[in-house]
Structure formats: structure tokens, C-alpha cells
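See structure below.
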Amino acid sequence: MMKTFDSAGVRIAYIDEAPADTRATILLIHGFASNVATNWGATGWIRELVHAGYRVVAFDNRGHGESEKLYELADYGAPAMSEDARRLLEFLQIPSAHVMGYSMGARITAFLALRHPQLVKTAVCGGRGINMVRGMAGTGPIAHALEAPTMDDVKNPTARTFRAFAEQTKSDLRALAACIRSAREPITAEALGKLTCPVLVAVGSGDVVGGSAEELAAVIPGAEAFVIADRDHMKAVGDRSYKRAVIEFLARQS
């Protein structure tokens, strides 16, 4: 059962799970068209992190899951969505946390770390490598696919994948279209070079959406790269080696 809080007028759903002996808090930020249950629950992440001793806080991004659905382009964008993360930490009176985002969630994590470095102990950028800097092409066809009357009306194969995933997660397609059409504020290599927290970049070896983990890590001072072998963007999310790499990374920073 998810709880909710008010994020400057937007209702955001979240979970807060902790073992009896908590070592630290980790905030999880899911990807586009996903939600807490799909990105972090079904993949075993919440269970693994709680077992490792972490208090796990995770929320459904605005427009996603059980959070409020918004339909204006101005309501979205990673900078605005990173403020939902900030407000949740403040609402729960968590002074700082490890933060892990996947795909779109990795962009949100980066903006959170750049805007509010005091809140972010470490940052894990999953499913988003050098394309975080280069930007994501082809958002127009994805938006059109989300707005199409049926899947049969979608011809672009990549866009069909996004539409199918959005239907699988029972998402509000109109809200997702607004989200992906929203202004995508770029993150420059120069900006990422100013990050001061420890960073792990973890991307599947076959992830054409995220791009190279090593190339992104190279522009962030002291960042580590982990390539998730033989995984694409979708299949990397719950990979066992990815979980192990993250838990080992967090342990080294504790």
C-alpha cells in the first residue's frame, strides 16, 4: 500500500520500507512509463536492498503509477521532477540519501545531485550512459505512439516498444505523452564534471537507449562504470550482477 504526500500541489505516491537495523537510506527513482512496482518491486530491488540493511524510499514520478496525472508540458521535465524527489526527502526528514535512478530516473537523479548536492550521498545512474549528455532522439514518434488510438496504428518499431510497455504498466498514455514531449533540459558534460558525490554508472552492454557507461563515467570526476553484460535497456533492470555491483558500491561509500 503506497502512501502519498503533497509536492507543491501535486499528489505523489511513495513507499518507505526499512529493516529493523537500518544502515542508511536509498531513494529510488524509476524510468519513463514505469512505476515503483514494476521498476523496483517486480525486479527484486526493494527486497535486495532492504535485506542489505537499507531503508528504501521510492516514489511514482508525476504522471506515472499511483501519482497524480498531469497533462501540460510545463508540468514535466527532469528538473521539475527532481524537485518531487527533494520534497519527499524533506517531507520524510531525511537529510541525505543514496539515490539510484534508472533511465529517465537517472536524469532526474543527476539534476537532484546538481541542484541539491547536500541531499545526495551517492548517485547510481542505471540505464543511462553517455546519452544522458547527448540527449535522446526520437521522442516525437514515441509521443505519437502513445497518442495513437490503438497499437495497430503504430508502425515505428521503437515507438511500438514504448507503447507496449506503457500498456503493460497500465499507464495513462496522455500523461506520458505530455511527459515525453516536455522540454528536455540538457545536461552538459561540463555540468556533470561538477558533481562531488561518488557516482556509479551502470548500463547494459547492448543498451542503445542509454549509451556507453564508460563514456559517461569518464566525464564525472571519480565515477565508476559497470557494464551489465549481455543486457539491453529493458533486460538490464533486474540483472543480478547489476544488483551486486550497486550493493558493493554502496558498501564502499558507507
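If you're wondering about the labels, chains in the C-alpha cells are A, B, ... by order shown, residues count from 1 in each chain, ligands from 1 in order shown.
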Inset, instruction - List every residue of region 4-252 of chain A that DSSP, applied to the backbone of this structure, places in helix (DSSP H, G or I), and write the result as a ChimeraX atom specification. - result: /A:36-41,45-51,73-75,78-91,104-115,117-119,131-134,139-147,151-153,157-168,173-181,189-192,213-218,240-252
Per-residue nearest contacts of region 116-147 of chain A to region 168-191 of chain A (12 Å; only C-alpha atoms) as a Markdown table:
```
| residue | atom | partner | partner_atom | distance |
| --- | --- | --- | --- | --- |
| A:Gly129 | CA | A:Ala189 | CA | 11.7 |
| A:Ile130 | CA | A:Ala189 | CA | 9.2 |
| A:Asn131 | CA | A:Ile187 | CA | 9.9 |
| A:Met132 | CA | A:Ile187 | CA | 6.9 |
| A:Val133 | CA | A:Ile187 | CA | 5.5 |
| A:Arg134 | CA | A:Pro186 | CA | 8.1 |
| A:Gly135 | CA | A:Pro186 | CA | 6.9 |
| A:Met136 | CA | A:Arg184 | CA | 9.0 |
| A:Ala137 | CA | A:Arg184 | CA | 10.9 |
| A:Gly138 | CA | A:Ile180 | CA | 10.2 |
| A:Thr139 | CA | A:Ile180 | CA | 6.4 |
| A:Gly140 | CA | A:Arg181 | CA | 7.1 |
| A:Pro141 | CA | A:Arg181 | CA | 10.2 |
| A:Ile142 | CA | A:Ala177 | CA | 7.8 |
| A:Ala143 | CA | A:Ala177 | CA | 4.8 |
| A:His144 | CA | A:Ala177 | CA | 7.6 |
| A:Ala145 | CA | A:Ala177 | CA | 8.6 |
| A:Leu146 | CA | A:Leu173 | CA | 5.4 |
| A:Glu147 | CA | A:Arg174 | CA | 6.4 |
```
For the selection just defined, write its residues with C-alpha atoms to a file, as an mmCIF file, in the first residue's frame.
```cif
data_model
loop_
_atom_site.group_PDB
_atom_site.id
_atom_site.type_symbol
_atom_site.label_atom_id
_atom_site.label_comp_id
_atom_site.auth_asym_id
_atom_site.auth_seq_id
_atom_site.Cartn_x
_atom_site.Cartn_y
_atom_site.Cartn_z
ATOM 1 C CA GLY A 129 25.218 6.313 -20.114
ATOM 2 C CA ILE A 130 26.683 8.903 -22.466
ATOM 3 C CA ASN A 131 23.238 9.532 -23.958
ATOM 4 C CA MET A 132 22.479 11.478 -20.797
ATOM 5 C CA VAL A 133 24.727 14.152 -22.297
ATOM 6 C CA ARG A 134 23.863 13.587 -25.949
ATOM 7 C CA GLY A 135 20.126 13.522 -25.345
ATOM 8 C CA MET A 136 17.501 11.089 -26.517
ATOM 9 C CA ALA A 137 16.425 11.193 -30.134
ATOM 10 C CA GLY A 138 13.071 10.106 -31.461
ATOM 11 C CA THR A 139 10.782 11.371 -28.713
ATOM 12 C CA GLY A 140 8.287 12.639 -31.317
ATOM 13 C CA PRO A 141 7.464 9.170 -32.678
ATOM 14 C CA ILE A 142 7.153 7.827 -29.113
ATOM 15 C CA ALA A 143 4.699 10.596 -28.207
ATOM 16 C CA HIS A 144 2.699 9.877 -31.376
ATOM 17 C CA ALA A 145 2.676 6.185 -30.485
ATOM 18 C CA LEU A 146 1.319 6.946 -27.025
ATOM 19 C CA GLU A 147 -1.393 9.139 -28.524
#
```
Would you mind listing what lies within 9 Å of region 226-242 of chain A as a tab-separated table (two decimals) with N, CA and C atoms, in the first residue's frame, with only C-alpha atoms counted and same-chain residues fewer than 3 positions away left out?
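Contents of selection37.tsv, as written:
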```tsv
chain	number	residue	atom	x	y	z
A	39	ASN	N	9.44	-1.22	-11.75
A	39	ASN	CA	10.88	-0.96	-11.84
A	39	ASN	C	11.66	-1.55	-10.66
A	40	TRP	N	11.08	-1.44	-9.48
A	40	TRP	CA	11.83	-1.80	-8.27
A	40	TRP	C	11.26	-2.97	-7.48
A	42	ALA	N	8.93	-5.68	-8.77
A	42	ALA	CA	8.93	-6.93	-9.54
A	42	ALA	C	10.33	-7.42	-9.87
A	43	THR	N	11.29	-6.52	-9.93
A	43	THR	CA	12.67	-6.88	-10.27
A	43	THR	C	13.47	-7.34	-9.06
A	44	GLY	N	12.90	-7.23	-7.87
A	44	GLY	CA	13.58	-7.69	-6.66
A	44	GLY	C	14.47	-6.67	-5.99
A	45	TRP	N	14.52	-5.45	-6.52
A	45	TRP	CA	15.41	-4.43	-5.96
A	45	TRP	C	15.05	-4.07	-4.52
A	102	TYR	N	16.84	4.95	-12.69
A	102	TYR	CA	17.01	4.14	-13.90
A	102	TYR	C	16.42	4.88	-15.09
A	103	SER	N	17.21	4.99	-16.17
A	103	SER	CA	16.78	5.62	-17.41
A	103	SER	C	16.37	7.08	-17.16
A	126	GLY	N	21.53	4.24	-13.51
A	126	GLY	CA	21.29	2.99	-14.22
A	126	GLY	C	20.60	3.24	-15.55
A	127	GLY	N	20.98	2.49	-16.57
A	127	GLY	CA	20.30	2.57	-17.85
A	127	GLY	C	20.46	3.89	-18.58
A	128	ARG	N	21.41	4.70	-18.18
A	128	ARG	CA	21.67	5.97	-18.87
A	128	ARG	C	23.15	6.26	-18.83
A	200	LEU	N	28.16	5.90	-9.58
A	200	LEU	CA	28.28	4.65	-10.33
A	200	LEU	C	27.36	4.74	-11.54
A	201	VAL	N	27.90	4.45	-12.71
A	201	VAL	CA	27.11	4.41	-13.95
A	201	VAL	C	27.01	2.94	-14.37
A	202	ALA	N	25.80	2.42	-14.46
A	202	ALA	CA	25.58	1.01	-14.80
A	202	ALA	C	24.63	0.89	-15.98
A	203	VAL	N	25.13	0.37	-17.09
A	203	VAL	CA	24.34	0.29	-18.32
A	203	VAL	C	24.59	-1.05	-18.99
A	204	GLY	N	23.55	-1.61	-19.57
A	204	GLY	CA	23.69	-2.87	-20.29
A	204	GLY	C	24.60	-2.76	-21.50
A	205	SER	N	25.32	-3.84	-21.80
A	205	SER	CA	26.26	-3.82	-22.93
A	205	SER	C	25.54	-3.63	-24.26
A	206	GLY	N	24.27	-4.01	-24.32
A	206	GLY	CA	23.50	-3.84	-25.55
A	206	GLY	C	22.46	-2.76	-25.47
A	207	ASP	N	22.66	-1.80	-24.58
A	207	ASP	CA	21.66	-0.74	-24.36
A	207	ASP	C	21.91	0.43	-25.30
A	208	VAL	N	21.17	0.49	-26.39
A	208	VAL	CA	21.33	1.59	-27.35
A	208	VAL	C	20.59	2.83	-26.88
A	209	VAL	N	19.64	2.67	-25.95
A	209	VAL	CA	18.92	3.83	-25.41
A	209	VAL	C	19.83	4.61	-24.46
A	210	GLY	N	20.54	3.89	-23.59
A	210	GLY	CA	21.39	4.54	-22.59
A	210	GLY	C	22.74	4.99	-23.11
A	212	SER	N	26.98	4.32	-23.82
A	212	SER	CA	28.14	3.79	-23.10
A	212	SER	C	28.23	4.26	-21.64
A	213	ALA	N	28.35	3.29	-20.72
A	213	ALA	CA	28.59	3.61	-19.31
A	213	ALA	C	29.96	4.22	-19.12
A	214	GLU	N	30.96	3.65	-19.79
A	214	GLU	CA	32.34	4.14	-19.62
A	214	GLU	C	32.50	5.58	-20.09
A	245	ALA	N	26.67	-5.23	-8.05
A	245	ALA	CA	27.59	-4.10	-8.23
A	245	ALA	C	27.13	-2.88	-7.44
A	246	VAL	N	25.82	-2.64	-7.41
A	246	VAL	CA	25.29	-1.49	-6.67
A	246	VAL	C	25.48	-1.67	-5.17
A	247	ILE	N	25.15	-2.85	-4.65
A	247	ILE	CA	25.28	-3.09	-3.21
A	247	ILE	C	26.73	-3.01	-2.77
```
Legend entry - Residue nearest Ala123 (chain A) among A:Glu48, A:Asp6, A:Glu224, A:Asp16 (counting only C-alpha atoms): A:Glu224
Inset, instruction - Identify all residues of region 20-52 of chain A in strand (DSSP E) (DSSP on the backbone) and supply them as a list in words. - result: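 In region 20-52 of chain A, DSSP puts these residues in strand (DSSP E): Ala24, Thr25, Ile26, Leu27, Leu28 and Ile29 of chain A.
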Legend entry - Selected residue, from A:Ala218, A:Ala33, A:Val199, A:Ile94, that lies nearest to Gly63 (chain A) when counting only C-alpha atoms: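 Going through A:Ala218, A:Ala33, A:Val199, A:Ile94 one by one, the smallest distance to Gly63 (chain A) is for A:Ala33.
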Inset, instruction - Identify which of the residues A:Ala225, A:Val99, A:Met81, A:Ile220 lies closest to Arg55 (chain A), counting only C-alpha atoms when measuring atom-to-atom distances. - result: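 Closest to Arg55 (chain A), using only C-alpha atoms: A:Val99.
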Legend entry - Long-range neighbours of Ile29 (chain A) as an NGL selection string, 8 Å cut-off, only C-alpha atoms, 6 positions minimum in chain: :A and (36 or 58-61 or 99-102 or 105-106 or 108-109)
Inset, instruction - Give me the residues within 8 Å of Arg11 (chain A) as a PyMOL selection string, counting only C-alpha atoms and dropping any in the same chain fewer than 3 places off. - result: chain A and resi 4-7+62+67-68
